[in-house]
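S.K.: Below you'll find run_32.json; it's JSON, C-alpha atoms.
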```json
[["chain", "number", "residue", "atom", "x", "y", "z"],
["A", 1, "MET", "CA", 0.00, 0.00, 0.00],
["A", 2, "THR", "CA", 1.07, 3.53, -0.74],
["A", 3, "SER", "CA", 0.13, 6.50, 1.46],
["A", 4, "ILE", "CA", -1.14, 9.55, -0.41],
["A", 5, "VAL", "CA", -2.72, 12.88, 0.47],
["A", 6, "LEU", "CA", -5.53, 14.18, -1.71],
["A", 7, "THR", "CA", -4.93, 17.62, -3.18],
["A", 8, "GLN", "CA", -8.57, 18.03, -4.21],
["A", 9, "PRO", "CA", -11.90, 16.37, -3.39],
["A", 10, "HIS", "CA", -12.19, 12.86, -4.81],
["A", 11, "THR", "CA", -14.47, 9.85, -4.56],
["A", 12, "HIS", "CA", -12.49, 6.65, -3.94],
["A", 13, "ALA", "CA", -14.12, 3.22, -3.65],
["A", 14, "GLY", "CA", -17.55, 4.85, -3.48],
["A", 15, "GLN", "CA", -16.62, 7.10, -0.55],
["A", 16, "ALA", "CA", -16.26, 10.88, -0.86],
["A", 17, "HIS", "CA", -13.03, 12.37, 0.49],
["A", 18, "LYS", "CA", -11.97, 16.00, 0.80],
["A", 19, "ALA", "CA", -8.64, 17.63, -0.04],
["A", 20, "GLY", "CA", -6.08, 16.90, 2.67],
["A", 21, "ASP", "CA", -7.44, 13.44, 3.49],
["A", 22, "ARG", "CA", -4.84, 10.69, 3.71],
["A", 23, "LEU", "CA", -5.49, 7.37, 2.00],
["A", 24, "ASP", "CA", -3.62, 4.09, 1.67],
["A", 25, "VAL", "CA", -4.07, 2.77, -1.88],
["A", 26, "ASP", "CA", -2.29, 0.27, -4.11],
["A", 27, "GLY", "CA", 0.71, 1.50, -6.10],
["A", 28, "GLY", "CA", -1.09, 1.70, -9.45],
["A", 29, "THR", "CA", -3.94, 3.75, -8.01],
["A", 30, "ALA", "CA", -1.48, 6.04, -6.24],
["A", 31, "ASP", "CA", 0.45, 6.58, -9.47],
["A", 32, "TRP", "CA", -2.75, 7.39, -11.38],
["A", 33, "LEU", "CA", -4.02, 9.83, -8.73],
["A", 34, "ILE", "CA", -0.64, 11.60, -8.57],
["A", 35, "ALA", "CA", -0.25, 11.73, -12.38],
["A", 36, "ASN", "CA", -3.70, 13.32, -12.67],
["A", 37, "GLY", "CA", -3.02, 15.95, -10.00],
["A", 38, "ILE", "CA", -5.54, 14.52, -7.57],
["A", 39, "ALA", "CA", -3.06, 13.48, -4.88],
["A", 40, "ARG", "CA", 0.55, 13.68, -3.79],
["A", 41, "HIS", "CA", 2.77, 11.27, -1.90],
["A", 42, "ASP", "CA", 2.29, 11.38, 1.86],
["A", 43, "ARG", "CA", 5.70, 12.43, 3.11],
["A", 44, "GLN", "CA", 4.74, 12.47, 6.77],
["A", 45, "PRO", "CA", 5.95, 9.52, 8.81],
["A", 46, "ALA", "CA", 3.33, 7.09, 10.01],
["A", 47, "PRO", "CA", 2.03, 7.97, 13.46],
["A", 48, "VAL", "CA", 3.71, 6.08, 16.28],
["A", 49, "PRO", "CA", 1.18, 4.28, 18.49],
["A", 50, "GLN", "CA", 1.05, 5.89, 21.91],
["A", 51, "PRO", "CA", 0.69, 3.84, 25.09],
["A", 52, "GLU", "CA", -2.57, 4.17, 26.94],
["A", 53, "GLY", "CA", -2.82, 6.94, 29.48],
["A", 54, "ASP", "CA", -2.31, 10.67, 29.25],
["A", 55, "GLY", "CA", 1.27, 10.42, 27.97],
["A", 56, "THR", "CA", 2.92, 11.84, 31.05],
["A", 57, "SER", "CA", 5.90, 9.97, 32.36],
["A", 58, "ILE", "CA", 5.98, 8.63, 35.86],
["A", 59, "GLU", "CA", 9.12, 9.26, 37.87],
["A", 60, "PRO", "CA", 10.31, 6.42, 40.09],
["A", 61, "ILE", "CA", 9.89, 6.93, 43.80],
["A", 62, "ARG", "CA", 13.20, 7.77, 45.43],
["A", 63, "PRO", "CA", 13.87, 6.61, 48.96],
["A", 64, "ILE", "CA", 13.68, 9.34, 51.58],
["A", 65, "THR", "CA", 17.01, 9.95, 53.22],
["A", 66, "THR", "CA", 17.40, 11.83, 56.45],
["A", 67, "GLN", "CA", 20.50, 13.29, 57.92],
["A", 68, "ARG", "CA", 21.05, 13.01, 61.65],
["A", 69, "LYS", "CA", 22.83, 15.70, 63.48],
["A", 70, "GLU", "CA", 25.48, 14.26, 65.77],
["A", 71, "SER", "CA", 25.74, 15.72, 69.24],
["A", 72, "LYS", "CA", 28.95, 17.54, 70.07],
["A", 73, "SER", "CA", 29.44, 16.12, 73.57]]
```
Would you write the structure of this file as structure tokens?

M.R.:
Amino acid sequence: MTSIVLTQPHTHAGQAHKAGDRLDVDGGTADWLIANGIARHDRQPAPVPQPEGDGTSIEPIRPITTQRKESKS
């Protein structure tokens, strides 16, 4: 499959798409759409799946250390 971005509205496989939509199509279809000025190659990297949660990192718990003051006597 080839990732493309539509540069103008287009109906693909019976579904209407607007300019800017990203599609994954076979190589021949991608070539035809690009040659006819309907799409361009999608140069953005594929999104990296994010782990569940809000995306904030969790810092490990550090042990609490106390300093004792020695008596001077």

S.K.: Have a look at A:Pro9, A:Arg43, A:His17, A:Thr2 and name the one nearest to Thr29 of chain A; count only C-alpha atoms.

M.R.: A:Thr2

S.K.: Take atom CA of Met1 of chain A and atom CA of Gln15 of chain A and report the distance between them in Å, one decimal.

M.R.: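 For atom CA of Met1 of chain A relative to atom CA of Gln15 of chain A, the distance reads 18.1 Å.
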
S.K.: How would you write as a VMD selection string the residues that get within 9 Å of (-8.1, 13.6, -4.9) in the file's frame, counting only C-alpha atoms?

M.R.: chain A and resid 5 to 12 17 to 21 33 to 34 36 to 40

S.K.: One decimal, in Å: what's the spacing between atom CA of Ala30 of chain A and atom CA of Asp42 of chain A?

M.R.: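 Calculated distance between atom CA of Ala30 of chain A and atom CA of Asp42 of chain A is 10.4 Å.
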
S.K.: Using all atoms listed in the file, find the one residue out of A:Lys72, A:His41, A:Gln67, A:Ala35 that sits nearest to Leu23 of chain A.

M.R.: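 Answer, going by the shortest atom-to-atom distance: A:His41.
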
S.K.: To one decimal in Å, tell me the separation between atom CA of Gly28 of chain A and atom CA of Ala16 of chain A.

M.R.: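 It comes out at 19.7 Å.
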
S.K.: Let me have the centre and edge lengths in Å, one decimal, of the box along x, y and z around every listed atom of segment 22-31 of chain A with 3 Å of margin on each side, as AutoDock Vina command-line options.

M.R.:
```
--center_x -2.4 --center_y 5.5 --center_z -2.9 --size_x 12.2 --size_y 16.4 --size_z 19.2
```
